[in-house]
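K.L.:
Contents of target15.cif (mmCIF, C-alpha atoms) are given next:
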```cif
data_data
loop_
_atom_site.group_PDB
_atom_site.id
_atom_site.type_symbol
_atom_site.label_atom_id
_atom_site.label_comp_id
_atom_site.auth_asym_id
_atom_site.auth_seq_id
_atom_site.Cartn_x
_atom_site.Cartn_y
_atom_site.Cartn_z
ATOM 1 C CA MET A 13 22.997 -0.058 9.096
ATOM 2 C CA PRO A 14 23.162 0.536 5.343
ATOM 3 C CA THR A 15 23.390 4.159 4.227
ATOM 4 C CA ILE A 16 23.082 5.407 0.675
ATOM 5 C CA GLU A 17 24.327 8.921 -0.089
ATOM 6 C CA LEU A 18 23.777 10.489 -3.483
ATOM 7 C CA GLU A 19 24.435 13.991 -4.788
ATOM 8 C CA THR A 20 22.828 15.388 -7.919
ATOM 9 C CA GLU A 21 23.554 18.817 -9.375
ATOM 10 C CA ILE A 22 20.613 20.460 -11.080
ATOM 11 C CA LYS A 23 20.622 23.638 -13.134
ATOM 12 C CA SER A 24 17.466 25.138 -11.648
ATOM 13 C CA ASP A 25 16.313 27.065 -8.617
ATOM 14 C CA ILE A 26 16.136 25.610 -5.123
ATOM 15 C CA ASN A 27 12.360 25.979 -4.707
ATOM 16 C CA THR A 28 11.624 24.048 -7.894
ATOM 17 C CA CYS A 29 13.999 21.238 -6.872
ATOM 18 C CA PHE A 30 12.584 21.096 -3.355
ATOM 19 C CA ASP A 31 8.980 20.965 -4.567
ATOM 20 C CA LEU A 32 9.636 18.391 -7.299
ATOM 21 C CA SER A 33 11.308 16.184 -4.677
ATOM 22 C CA ARG A 34 8.207 16.177 -2.505
ATOM 23 C CA SER A 35 5.740 15.816 -5.367
ATOM 24 C CA ILE A 36 3.612 12.678 -5.174
ATOM 25 C CA ASP A 37 2.815 13.055 -8.883
ATOM 26 C CA LEU A 38 6.482 13.158 -9.935
ATOM 27 C CA HIS A 39 7.261 10.225 -7.645
ATOM 28 C CA LYS A 40 4.662 8.178 -9.557
ATOM 29 C CA ILE A 41 6.382 9.070 -12.850
ATOM 30 C CA SER A 42 9.839 8.184 -11.518
ATOM 31 C CA THR A 43 8.732 4.783 -10.209
ATOM 32 C CA ALA A 44 6.725 3.597 -13.204
ATOM 33 C CA LYS A 45 8.859 0.416 -13.400
ATOM 34 C CA THR A 46 7.537 -0.774 -10.039
ATOM 35 C CA ASN A 47 3.968 0.411 -10.725
ATOM 36 C CA GLU A 48 3.911 2.532 -7.575
ATOM 37 C CA GLU A 49 0.517 3.915 -6.650
ATOM 38 C CA ALA A 50 -0.304 6.324 -3.836
ATOM 39 C CA ILE A 51 -3.340 4.691 -2.217
ATOM 40 C CA GLU A 52 -3.791 6.418 1.166
ATOM 41 C CA GLY A 53 -2.987 9.741 2.790
ATOM 42 C CA ARG A 54 -1.614 12.377 0.430
ATOM 43 C CA THR A 55 -2.138 10.757 -2.978
ATOM 44 C CA SER A 56 -1.309 13.737 -5.221
ATOM 45 C CA GLY A 57 0.243 17.186 -5.036
ATOM 46 C CA LEU A 58 3.007 18.229 -2.633
ATOM 47 C CA ILE A 59 3.458 16.363 0.635
ATOM 48 C CA SER A 60 4.261 18.482 3.701
ATOM 49 C CA LEU A 61 5.058 18.213 7.414
ATOM 50 C CA ASN A 62 3.142 15.497 9.299
ATOM 51 C CA GLU A 63 1.441 14.236 6.143
ATOM 52 C CA PHE A 64 1.758 10.607 5.125
ATOM 53 C CA VAL A 65 1.423 8.575 1.959
ATOM 54 C CA THR A 66 0.919 4.857 1.525
ATOM 55 C CA TRP A 67 2.467 3.433 -1.619
ATOM 56 C CA ARG A 68 1.580 0.121 -3.226
ATOM 57 C CA ALA A 69 4.328 -1.269 -5.465
ATOM 58 C CA THR A 70 5.812 -4.459 -6.830
ATOM 59 C CA HIS A 71 9.437 -5.224 -5.979
ATOM 60 C CA PHE A 72 11.085 -8.548 -6.797
ATOM 61 C CA GLY A 73 7.698 -9.791 -8.020
ATOM 62 C CA ILE A 74 6.092 -9.200 -4.622
ATOM 63 C CA LYS A 75 3.295 -6.670 -4.063
ATOM 64 C CA GLN A 76 4.057 -4.491 -1.072
ATOM 65 C CA LYS A 77 2.745 -1.480 0.814
ATOM 66 C CA LEU A 78 4.889 1.167 2.459
ATOM 67 C CA THR A 79 3.638 4.137 4.469
ATOM 68 C CA SER A 80 5.950 7.085 5.037
ATOM 69 C CA LYS A 81 5.477 10.377 6.857
ATOM 70 C CA ILE A 82 7.197 13.745 6.540
ATOM 71 C CA THR A 83 8.749 14.224 9.986
ATOM 72 C CA VAL A 84 11.116 17.163 9.321
ATOM 73 C CA PHE A 85 10.255 20.043 7.002
ATOM 74 C CA ASN A 86 12.499 23.068 6.524
ATOM 75 C CA PRO A 87 11.765 24.499 3.053
ATOM 76 C CA PRO A 88 13.584 24.856 0.771
ATOM 77 C CA VAL A 89 16.701 23.236 2.288
ATOM 78 C CA HIS A 90 15.650 19.960 3.948
ATOM 79 C CA PHE A 91 12.885 17.470 4.548
ATOM 80 C CA ARG A 92 12.786 13.933 5.907
ATOM 81 C CA ASP A 93 10.441 11.070 5.252
ATOM 82 C CA GLU A 94 10.339 8.055 7.548
ATOM 83 C CA GLN A 95 8.659 4.699 7.168
ATOM 84 C CA LEU A 96 5.689 4.224 9.470
ATOM 85 C CA ARG A 97 4.681 0.802 8.123
ATOM 86 C CA GLY A 98 6.265 -1.496 5.602
ATOM 87 C CA VAL A 99 8.591 -4.406 4.996
ATOM 88 C CA PHE A 100 11.720 -2.729 6.354
ATOM 89 C CA LYS A 101 12.712 -2.527 9.997
ATOM 90 C CA PHE A 102 13.106 1.185 9.274
ATOM 91 C CA ILE A 103 13.717 3.726 6.522
ATOM 92 C CA ILE A 104 14.864 7.300 7.106
ATOM 93 C CA HIS A 105 15.327 9.414 3.968
ATOM 94 C CA ASP A 106 16.762 12.916 4.294
ATOM 95 C CA HIS A 107 16.584 15.281 1.316
ATOM 96 C CA TYR A 108 18.991 18.251 1.392
ATOM 97 C CA PHE A 109 19.189 21.186 -1.039
ATOM 98 C CA GLU A 110 21.951 23.765 -1.388
ATOM 99 C CA VAL A 111 22.414 26.584 -3.894
ATOM 100 C CA LEU A 112 25.717 26.447 -5.798
ATOM 101 C CA GLY A 113 25.730 29.501 -8.079
ATOM 102 C CA ASP A 114 23.243 28.767 -10.876
ATOM 103 C CA ARG A 115 22.783 25.162 -9.721
ATOM 104 C CA VAL A 116 21.284 23.284 -6.825
ATOM 105 C CA LYS A 117 23.026 20.405 -5.095
ATOM 106 C CA MET A 118 20.403 17.853 -4.135
ATOM 107 C CA LYS A 119 21.688 15.344 -1.598
ATOM 108 C CA ASP A 120 19.913 12.173 -0.498
ATOM 109 C CA VAL A 121 20.881 10.380 2.688
ATOM 110 C CA PHE A 122 18.921 7.117 2.786
ATOM 111 C CA LEU A 123 19.241 4.868 5.838
ATOM 112 C CA PHE A 124 17.445 1.548 6.020
ATOM 113 C CA GLN A 125 17.501 -1.847 7.613
ATOM 114 C CA SER A 126 15.721 -5.048 6.741
ATOM 115 C CA PRO A 127 14.210 -7.269 9.420
ATOM 116 C CA PHE A 128 15.430 -10.845 10.068
ATOM 117 C CA GLY A 129 18.741 -10.173 11.829
ATOM 118 C CA PHE A 130 21.837 -11.590 10.133
ATOM 119 C CA ILE A 131 19.948 -12.774 7.038
ATOM 120 C CA GLY A 132 18.394 -9.310 6.633
ATOM 121 C CA ARG A 133 21.777 -7.614 6.965
ATOM 122 C CA LEU A 134 23.196 -9.963 4.333
ATOM 123 C CA ILE A 135 20.300 -9.212 1.950
ATOM 124 C CA ASP A 136 20.828 -5.480 2.565
ATOM 125 C CA LYS A 137 24.504 -5.711 1.649
ATOM 126 C CA VAL A 138 24.292 -8.152 -1.272
ATOM 127 C CA ILE A 139 21.056 -7.022 -2.948
ATOM 128 C CA LEU A 140 19.245 -4.032 -1.496
ATOM 129 C CA VAL A 141 21.967 -1.355 -1.381
ATOM 130 C CA SER A 142 22.451 -1.661 -5.147
ATOM 131 C CA TYR A 143 18.728 -2.037 -5.886
ATOM 132 C CA LEU A 144 17.703 0.985 -3.800
ATOM 133 C CA THR A 145 20.615 3.085 -5.102
ATOM 134 C CA ASN A 146 19.387 2.476 -8.655
ATOM 135 C CA ILE A 147 15.830 3.469 -7.711
ATOM 136 C CA LEU A 148 17.111 6.709 -6.143
ATOM 137 C CA LYS A 149 19.331 7.467 -9.150
ATOM 138 C CA GLU A 150 16.393 6.978 -11.525
ATOM 139 C CA ARG A 151 14.212 9.205 -9.347
ATOM 140 C CA ASN A 152 16.881 11.909 -9.227
ATOM 141 C CA ALA A 153 17.350 11.765 -12.998
ATOM 142 C CA ILE A 154 13.607 12.429 -13.438
ATOM 143 C CA ILE A 155 13.710 15.314 -10.936
ATOM 144 C CA LYS A 156 16.718 16.763 -12.814
ATOM 145 C CA GLU A 157 15.012 16.348 -16.208
ATOM 146 C CA PHE A 158 11.842 18.099 -15.053
ATOM 147 C CA ALA A 159 13.684 20.864 -13.139
ATOM 148 C CA GLU A 160 16.045 21.695 -16.014
ATOM 149 C CA THR A 161 13.297 21.916 -18.631
ATOM 150 C CA THR A 162 9.788 23.354 -18.694
ATOM 151 C CA LYS A 163 8.382 19.945 -17.723
ATOM 152 C CA TRP A 164 8.266 21.112 -14.094
ATOM 153 C CA LYS A 165 5.230 23.196 -15.098
ATOM 154 C CA LEU A 166 3.300 19.959 -15.663
ATOM 155 C CA ILE A 167 3.830 19.032 -12.004
ATOM 156 C CA LEU A 168 4.012 22.326 -10.087
ATOM 157 C CA LYS A 169 0.875 24.220 -11.066
#
```
Would you mind writing the file out in structure tokens?

P.N.:
Amino acid sequence: MPTIELETEIKSDINTCFDLSRSIDLHKISTAKTNEEAIEGRTSGLISLNEFVTWRATHFGIKQKLTSKITVFNPPVHFRDEQLRGVFKFIIHDHYFEVLGDRVKMKDVFLFQSPFGFIGRLIDKVILVSYLTNILKERNAIIKEFAETTKWKLILK
């Protein structure tokens, strides 16, 4: 099962980082390249425990929908979103936050698996690990940019 682990250090406070990471509005900004839209469930603001969001996006030229739900919520140190419906066999995305002096270490642990047995595993390894890693890195760069400047005030009102 493919696992992506990323760590991002952010010069901000833990609550700001935690809230930006669960912001539907910031997620839309960070995924502008794939035209992601929140179309059902929580479609703006901060998603919380047992809430879900359905995203519509275009990946590899194919329009897709993915519904995820917050299944673990321990502010401001951890939350998990899991795919309920979508193209993957499963997605589990853990978000961890830890204070390191005047910084916050934000850690993503992203587990996923495509359907279609051997072919799916091959696609995961050859294409999707890199593709999804880049999406997460872009998202984290946006979170860092907003958290380290006053831009966070545009999102967290």

K.L.:
Do a neighbour search on region 25-33 of chain A at 7 Å with all atoms listed in the file, toss out local chain neighbours closer than 4 positions, and write the hits as a PyMOL selection string.

P.N.:
chain A and resi 38+58+88+109+111+115-116+155+159

K.L.:
Would you mind listing what lies within 7 Å of Pro14 (chain A) as a PDB file with C-alpha atoms, in the coordinates of the input, with all atoms listed in the file counted and same-chain residues fewer than 3 positions away left out?

P.N.:
```pdb
ATOM      1  CA  LEU A 123      19.241   4.868   5.838  1.00  0.00           C
ATOM      2  CA  PHE A 124      17.445   1.548   6.020  1.00  0.00           C
ATOM      3  CA  GLN A 125      17.501  -1.847   7.613  1.00  0.00           C
TER       4      GLN A 125
END
```

K.L.:
With a distance cut-off of 8 Å and all atoms listed in the file, select the neighbouring residues of region 148-153 of chain A, excluding the residue or stretch itself and same-chain residues fewer than 5 positions from it, and output the selection as a PDB file with C-alpha atoms, in the coordinates of the input.

P.N.:
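Resulting contents of out-v9.pdb:
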```pdb
ATOM      1  CA  LEU A  18      23.777  10.489  -3.483  1.00  0.00           C
ATOM      2  CA  THR A  20      22.828  15.388  -7.919  1.00  0.00           C
ATOM      3  CA  HIS A  39       7.261  10.225  -7.645  1.00  0.00           C
ATOM      4  CA  SER A  42       9.839   8.184 -11.518  1.00  0.00           C
ATOM      5  CA  THR A  43       8.732   4.783 -10.209  1.00  0.00           C
TER       6      THR A  43
END
```

K.L.:
Give me the result of the PyMOL selection byres ((chain A and resi 97-105) around 12) on this file, residue by residue, as a PyMOL selection string.

P.N.:
chain A and resi 13-18+33-34+64-69+71+74-84+90-96+106-108+119-129+132-133+135-136+140+144+148

K.L.:
Quick check, in Å to one decimal: how far apart do CA of Lys169 (chain A) and CA of Lys45 (chain A) lie?

P.N.:
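Rounded to one decimal, the two atoms are 25.2 Å apart.
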
K.L.:
Give me, please, the distance in Å between CA of Glu19 (chain A) and CA of Lys117 (chain A), quoted to one decimal.

P.N.:
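Those two atoms sit 6.6 Å apart.
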
K.L.:
How would region 67-100 of chain A read, as a compact mmCIF listing (two decimals), keeping the file's coordinate frame, once N, CA and C atoms are built in?

P.N.:
```txt
# COMPACT_ATOMS: atom_id res chain seq x y z
N TRP A 67 2.17 3.86 -0.26
CA TRP A 67 2.47 3.43 -1.62
C TRP A 67 2.23 1.94 -1.75
N ARG A 68 1.67 1.54 -2.87
CA ARG A 68 1.58 0.12 -3.23
C ARG A 68 2.48 -0.07 -4.45
N ALA A 69 3.37 -1.05 -4.38
CA ALA A 69 4.33 -1.27 -5.46
C ALA A 69 4.66 -2.75 -5.56
N THR A 70 5.32 -3.09 -6.65
CA THR A 70 5.81 -4.46 -6.83
C THR A 70 7.33 -4.43 -6.93
N HIS A 71 7.98 -5.10 -6.00
CA HIS A 71 9.44 -5.22 -5.98
C HIS A 71 9.79 -6.71 -5.89
N PHE A 72 10.68 -7.14 -6.76
CA PHE A 72 11.08 -8.55 -6.80
C PHE A 72 9.88 -9.48 -6.99
N GLY A 73 8.89 -8.99 -7.74
CA GLY A 73 7.70 -9.79 -8.02
C GLY A 73 6.71 -9.89 -6.88
N ILE A 74 6.95 -9.14 -5.81
CA ILE A 74 6.09 -9.20 -4.62
C ILE A 74 5.38 -7.86 -4.44
N LYS A 75 4.05 -7.90 -4.33
CA LYS A 75 3.30 -6.67 -4.06
C LYS A 75 3.49 -6.28 -2.60
N GLN A 76 3.76 -4.98 -2.41
CA GLN A 76 4.06 -4.49 -1.07
C GLN A 76 3.38 -3.15 -0.84
N LYS A 77 3.22 -2.81 0.43
CA LYS A 77 2.74 -1.48 0.81
C LYS A 77 3.79 -0.87 1.74
N LEU A 78 3.98 0.44 1.60
CA LEU A 78 4.89 1.17 2.46
C LEU A 78 4.26 2.52 2.76
N THR A 79 4.17 2.84 4.04
CA THR A 79 3.64 4.14 4.47
C THR A 79 4.78 4.96 5.04
N SER A 80 4.94 6.18 4.51
CA SER A 80 5.95 7.08 5.04
C SER A 80 5.32 8.42 5.40
N LYS A 81 5.97 9.10 6.33
CA LYS A 81 5.48 10.38 6.86
C LYS A 81 6.60 11.40 6.80
N ILE A 82 6.23 12.64 6.50
CA ILE A 82 7.20 13.74 6.54
C ILE A 82 7.34 14.17 8.00
N THR A 83 8.53 13.96 8.56
CA THR A 83 8.75 14.22 9.99
C THR A 83 9.59 15.46 10.25
N VAL A 84 10.33 15.93 9.23
CA VAL A 84 11.12 17.16 9.32
C VAL A 84 10.85 17.93 8.03
N PHE A 85 10.61 19.23 8.18
CA PHE A 85 10.26 20.04 7.00
C PHE A 85 10.79 21.45 7.18
N ASN A 86 11.86 21.76 6.45
CA ASN A 86 12.50 23.07 6.52
C ASN A 86 12.73 23.59 5.11
N PRO A 87 11.64 24.07 4.45
CA PRO A 87 11.76 24.50 3.05
C PRO A 87 12.66 25.74 2.92
N PRO A 88 13.40 25.83 1.85
CA PRO A 88 13.58 24.86 0.77
C PRO A 88 14.88 24.06 0.91
N VAL A 89 15.38 23.84 2.14
CA VAL A 89 16.70 23.24 2.29
C VAL A 89 16.70 21.79 2.78
N HIS A 90 15.61 21.32 3.39
CA HIS A 90 15.65 19.96 3.95
C HIS A 90 14.25 19.46 4.26
N PHE A 91 14.03 18.18 3.98
CA PHE A 91 12.88 17.47 4.55
C PHE A 91 13.26 16.01 4.72
N ARG A 92 12.53 15.34 5.60
CA ARG A 92 12.79 13.93 5.91
C ARG A 92 11.48 13.16 5.81
N ASP A 93 11.56 12.00 5.18
CA ASP A 93 10.44 11.07 5.25
C ASP A 93 10.92 9.81 5.96
N GLU A 94 10.03 9.26 6.78
CA GLU A 94 10.34 8.06 7.55
C GLU A 94 9.23 7.03 7.37
N GLN A 95 9.63 5.78 7.27
CA GLN A 95 8.66 4.70 7.17
C GLN A 95 7.88 4.58 8.46
N LEU A 96 6.56 4.53 8.33
CA LEU A 96 5.69 4.22 9.47
C LEU A 96 5.33 2.74 9.49
N ARG A 97 5.03 2.21 8.28
CA ARG A 97 4.68 0.80 8.12
C ARG A 97 5.28 0.31 6.82
N GLY A 98 5.72 -0.93 6.83
CA GLY A 98 6.26 -1.50 5.60
C GLY A 98 7.16 -2.69 5.90
N VAL A 99 7.81 -3.18 4.88
CA VAL A 99 8.59 -4.41 5.00
C VAL A 99 9.93 -4.20 5.70
N PHE A 100 10.42 -2.98 5.73
CA PHE A 100 11.72 -2.73 6.35
C PHE A 100 11.58 -2.56 7.86
```
